[in-house]
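S.K.: Please see the structure below; I have some questions.
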Amino acid sequence: MRRPAPLPSTPESSGEKGAATQATRRPSRPGAAAEERPGAAAEERPAVAEERAPAEEATVDAPQPTSTRDVWRAARARRKALRAEIRRFTQHSRRRRIIWWSSLAAVVVVIGGSIAAAYSPLFAVEKITVVGATSLDPSAVEAALSDQLGTPLALVDSSEVKAALLAFPLIETYALEARPPHDLTVRIVERTPVGVIRSNAGFTLVDAAGVALSTTPDQPAGQPLIEIDSGVDSAAFRSAGLVVRSLPADVRSQLAGVAATTQDDVTLTLSSGLTVVWGSAEDSGLKALTLSAAMGAHPGARSIDVTSPEVAVVG
């Protein structure tokens, strides 16, 4: 028996047949697959929408600057926060700098105020005190310096003080001491007389440097007569003056005369008649000790030679 012929199929349009043939021949692409499968594309698109939804919500929720004023306010807030941070980190250094500058300013104010006050009438001289005067009259020295009254202590002119004190030959040295607020102290050291020199004018009292201190018609009590022919500017006089100043007080009170022709032959005469051959002014301290010991050991001696200070020659 013969098999019956197959039934005829539904005729296809040329367009659909060509599309089917093209789909069969070309490899599938992602985009093409999506076009060919509308259902699958519909299934994937909701997932993408769900993933992008949070980002879109965040973008919508964040405040966005809408004007120039908002931008300016945001920049100002940022600068303000930056300044606050800078101040916080530099707090210690700023504090140290403030303390240092404050201390420096205080020192400048104190020094400047002190200098200004020192040169002002607030510290003017109102009282002058003379210290160290024994032979001199202190009131006479104070009167000679009265021109300094009313002068600020810092402006006392030492040259004017020196010129005023030159009228007192007994003053060898002096020193000025300012004692705020109003006292000026003058410390003086008087010259030490070593004897008198006889002249036509009388008896002139001199010190070891040959400075004439005073002249009187009669010989002052307690002052030895110095007999040196070469004058007060000679080496013999300087040597004699050093010898007299080195004598112990008990010997100095008995001294009646000093004679020398050179600086190496100084001779002393005591009121008791004792003659002391001294020699030069070298080792005068040791010679003075030797003389005192010899006078104590030989009270009736007429002469003592201490030219050699180790051994005294008693006669």
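Convention: chains lettered A, B, ... in structure tokens order; per-chain residue numbering from 1; ligands numbered from 1 as shown.
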Within 8 Å of Leu136 of chain A, counting only C-alpha atoms, which residues show up once you throw out same-chain ones fewer than 3 positions away? Write them as JSON, numbers by chain, please.

M.R.: {"A": [133, 140, 170]}

S.K.: Atoms to include: C-alpha atoms. Write the selected residues as a JSON list (two decimals), in the first residue's frame.

M.R.:
```json
[["chain", "number", "residue", "atom", "x", "y", "z"],
["A", 133, "ALA", "CA", 85.75, 115.08, 106.77],
["A", 140, "ALA", "CA", 81.72, 124.54, 104.36],
["A", 170, "LEU", "CA", 92.84, 118.85, 102.03]]
```

S.K.: For the structure I just gave you, how does DSSP split segment 74-264 of chain A - specifically, which residues are strand (DSSP E or B)? Reply as a PyMOL selection string.

M.R.: chain A and resi 124+127-131+152+171-179+183-190+193-199+202-207+212-216+225-227+255-259

S.K.: Residues of the last selection are to be written out with N, CA and C atoms, as a compact mmCIF listing (two decimals), in the first residue's frame.

M.R.:
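As written to disk, selection.txt reads:
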```txt
# COMPACT_ATOMS: atom_id res chain seq x y z
N ALA A 124 64.89 115.37 92.49
CA ALA A 124 65.82 116.50 92.56
C ALA A 124 66.58 116.48 93.89
N LYS A 127 69.14 117.59 99.59
CA LYS A 127 70.04 117.52 100.73
C LYS A 127 71.39 117.00 100.28
N ILE A 128 72.48 117.66 100.74
CA ILE A 128 73.86 117.25 100.44
C ILE A 128 74.54 116.89 101.75
N THR A 129 75.09 115.66 101.80
CA THR A 129 75.75 115.17 103.01
C THR A 129 77.21 114.89 102.70
N VAL A 130 78.11 115.40 103.53
CA VAL A 130 79.55 115.21 103.38
C VAL A 130 80.01 114.20 104.42
N VAL A 131 80.69 113.14 103.95
CA VAL A 131 81.15 112.06 104.81
C VAL A 131 82.67 111.94 104.67
N PRO A 152 68.14 117.31 89.20
CA PRO A 152 67.84 115.86 89.28
C PRO A 152 69.11 115.07 89.57
N ILE A 171 91.26 117.85 100.44
CA ILE A 171 90.54 116.73 99.83
C ILE A 171 91.45 116.07 98.80
N GLU A 172 91.77 114.81 99.06
CA GLU A 172 92.61 114.06 98.11
C GLU A 172 91.75 113.38 97.04
N THR A 173 90.72 112.68 97.44
CA THR A 173 89.78 112.06 96.50
C THR A 173 88.37 112.23 97.03
N TYR A 174 87.40 112.04 96.15
CA TYR A 174 86.00 112.13 96.55
C TYR A 174 85.18 111.21 95.66
N ALA A 175 83.99 110.89 96.13
CA ALA A 175 83.05 110.06 95.37
C ALA A 175 81.64 110.55 95.64
N LEU A 176 80.81 110.55 94.59
CA LEU A 176 79.43 110.99 94.70
C LEU A 176 78.51 109.78 94.76
N GLU A 177 77.55 109.82 95.65
CA GLU A 177 76.57 108.76 95.79
C GLU A 177 75.17 109.37 95.78
N ALA A 178 74.38 108.96 94.81
CA ALA A 178 73.00 109.42 94.71
C ALA A 178 72.10 108.48 95.52
N ARG A 179 71.37 109.03 96.44
CA ARG A 179 70.45 108.26 97.27
C ARG A 179 69.04 108.79 97.08
N ASP A 183 68.64 112.76 98.20
CA ASP A 183 69.91 112.93 98.92
C ASP A 183 71.09 112.71 98.00
N LEU A 184 72.09 113.59 98.12
CA LEU A 184 73.36 113.45 97.43
C LEU A 184 74.47 113.38 98.48
N THR A 185 75.18 112.25 98.52
CA THR A 185 76.24 112.04 99.50
C THR A 185 77.60 112.21 98.84
N VAL A 186 78.46 112.98 99.47
CA VAL A 186 79.82 113.21 98.98
C VAL A 186 80.79 112.58 99.97
N ARG A 187 81.45 111.51 99.54
CA ARG A 187 82.44 110.84 100.38
C ARG A 187 83.83 111.35 100.00
N ILE A 188 84.54 111.92 100.97
CA ILE A 188 85.84 112.50 100.68
C ILE A 188 86.92 111.77 101.49
N VAL A 189 88.11 111.76 100.94
CA VAL A 189 89.30 111.24 101.61
C VAL A 189 90.27 112.41 101.73
N GLU A 190 90.58 112.77 102.95
CA GLU A 190 91.46 113.92 103.16
C GLU A 190 92.93 113.52 102.97
N PRO A 193 98.76 114.91 106.14
CA PRO A 193 99.97 115.76 106.22
C PRO A 193 101.15 114.93 106.73
N VAL A 194 102.31 115.19 106.17
CA VAL A 194 103.54 114.51 106.64
C VAL A 194 104.46 115.46 107.39
N GLY A 195 104.19 116.74 107.34
CA GLY A 195 105.03 117.70 108.06
C GLY A 195 104.87 119.09 107.48
N VAL A 196 105.72 119.97 107.93
CA VAL A 196 105.69 121.35 107.47
C VAL A 196 107.05 121.73 106.90
N ILE A 197 107.00 122.66 105.97
CA ILE A 197 108.22 123.19 105.37
C ILE A 197 108.31 124.67 105.75
N ARG A 198 109.47 125.06 106.25
CA ARG A 198 109.66 126.45 106.66
C ARG A 198 110.03 127.29 105.43
N SER A 199 109.38 128.46 105.36
CA SER A 199 109.67 129.41 104.28
C SER A 199 109.49 130.82 104.82
N GLY A 202 106.13 131.46 106.30
CA GLY A 202 105.78 130.80 107.55
C GLY A 202 105.99 129.29 107.43
N PHE A 203 105.08 128.54 107.97
CA PHE A 203 105.18 127.08 107.94
C PHE A 203 104.03 126.53 107.08
N THR A 204 104.43 125.86 106.02
CA THR A 204 103.45 125.32 105.07
C THR A 204 103.27 123.83 105.32
N LEU A 205 102.03 123.45 105.56
CA LEU A 205 101.70 122.04 105.79
C LEU A 205 101.57 121.34 104.44
N VAL A 206 102.27 120.21 104.29
CA VAL A 206 102.28 119.48 103.01
C VAL A 206 101.96 118.01 103.25
N ASP A 207 101.49 117.34 102.18
CA ASP A 207 101.28 115.89 102.27
C ASP A 207 102.43 115.18 101.57
N ALA A 212 100.55 121.64 99.03
CA ALA A 212 100.44 122.57 100.16
C ALA A 212 99.00 122.59 100.65
N LEU A 213 98.85 122.29 101.93
CA LEU A 213 97.51 122.22 102.50
C LEU A 213 97.11 123.53 103.19
N SER A 214 98.06 124.12 103.88
CA SER A 214 97.79 125.39 104.56
C SER A 214 99.12 126.02 104.97
N THR A 215 99.09 127.31 105.26
CA THR A 215 100.28 128.03 105.68
C THR A 215 99.94 128.85 106.91
N THR A 216 100.74 128.69 107.93
CA THR A 216 100.53 129.41 109.19
C THR A 216 101.85 130.06 109.62
N LEU A 225 109.11 119.01 111.29
CA LEU A 225 109.74 119.95 110.36
C LEU A 225 110.53 119.14 109.32
N ILE A 226 110.20 119.34 108.06
CA ILE A 226 110.86 118.61 106.97
C ILE A 226 111.95 119.52 106.38
N GLU A 227 113.17 119.05 106.42
CA GLU A 227 114.31 119.82 105.92
C GLU A 227 114.93 119.08 104.72
N LEU A 255 107.42 112.13 116.37
CA LEU A 255 108.30 112.63 115.32
C LEU A 255 108.40 114.15 115.39
N ALA A 256 109.66 114.63 115.40
CA ALA A 256 109.90 116.08 115.48
C ALA A 256 110.53 116.64 114.22
N GLY A 257 111.30 115.83 113.50
CA GLY A 257 111.97 116.34 112.30
C GLY A 257 112.30 115.23 111.33
N VAL A 258 112.34 115.60 110.05
CA VAL A 258 112.70 114.68 108.97
C VAL A 258 113.71 115.39 108.08
N ALA A 259 114.82 114.70 107.76
CA ALA A 259 115.85 115.29 106.91
C ALA A 259 116.30 114.26 105.89
```

S.K.: As a ChimeraX atom specification, list the residues of segment 72-149 of chain A assigned to alpha helix (DSSP H) by DSSP on the backbone atoms of this structure.

M.R.: /A:72-89,91-118,138-144

S.K.: If you count only C-alpha atoms, which residues fall within 9 Å of Asp233 of chain A, apart from same-chain ones fewer than 3 positions away, as a list in words?

M.R.: Ala209, Gly210, Ser230, Ala236, Phe237 and Arg238 of chain A

S.K.: Please save N, CA, C and O atoms of the selected residues as a short mmCIF file (atom, residue, chain, number, x, y, z; two decimals), in the first residue's frame.

M.R.:
```cif
data_model
loop_
_atom_site.label_atom_id
_atom_site.label_comp_id
_atom_site.auth_asym_id
_atom_site.auth_seq_id
_atom_site.Cartn_x
_atom_site.Cartn_y
_atom_site.Cartn_z
N ALA A 209 102.66 113.96 98.67
CA ALA A 209 102.83 114.36 97.28
C ALA A 209 103.35 115.78 97.13
O ALA A 209 103.56 116.24 96.00
N GLY A 210 103.58 116.48 98.25
CA GLY A 210 104.10 117.85 98.20
C GLY A 210 103.02 118.89 97.99
O GLY A 210 103.34 120.05 97.71
N SER A 230 116.33 120.12 98.26
CA SER A 230 115.98 119.97 96.83
C SER A 230 114.51 120.27 96.53
O SER A 230 114.10 120.24 95.37
N ALA A 236 114.08 112.87 96.93
CA ALA A 236 114.35 112.83 98.37
C ALA A 236 113.08 113.15 99.15
O ALA A 236 112.78 112.50 100.16
N PHE A 237 112.28 114.13 98.68
CA PHE A 237 111.05 114.48 99.38
C PHE A 237 110.04 113.34 99.27
O PHE A 237 109.36 113.02 100.25
N ARG A 238 109.91 112.75 98.09
CA ARG A 238 108.95 111.65 97.93
C ARG A 238 109.33 110.47 98.83
O ARG A 238 108.46 109.84 99.45
#
```

S.K.: Kindly indicate which residue among A:Ala77, A:Ser280, A:Ala201, A:Ala288 lies nearest to Gln219 of chain A, using only C-alpha atoms for the distances.

M.R.: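 When distances to Gln219 of chain A are compared using only C-alpha atoms, the smallest one comes from A:Ala201.
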
S.K.: So which residues touch segment 303-309 of chain A within 7 Å, counting only C-alpha atoms, skipping near sequence neighbours fewer than 2 positions away, as a ChimeraX atom specification?

M.R.: /A:274-279,286-287,290-291,301,311-315

S.K.: Between atom CA of Val232 of chain A and atom CA of Gly273 of chain A, measure the distance and give it in Å to one decimal.

M.R.: 25.6 Å
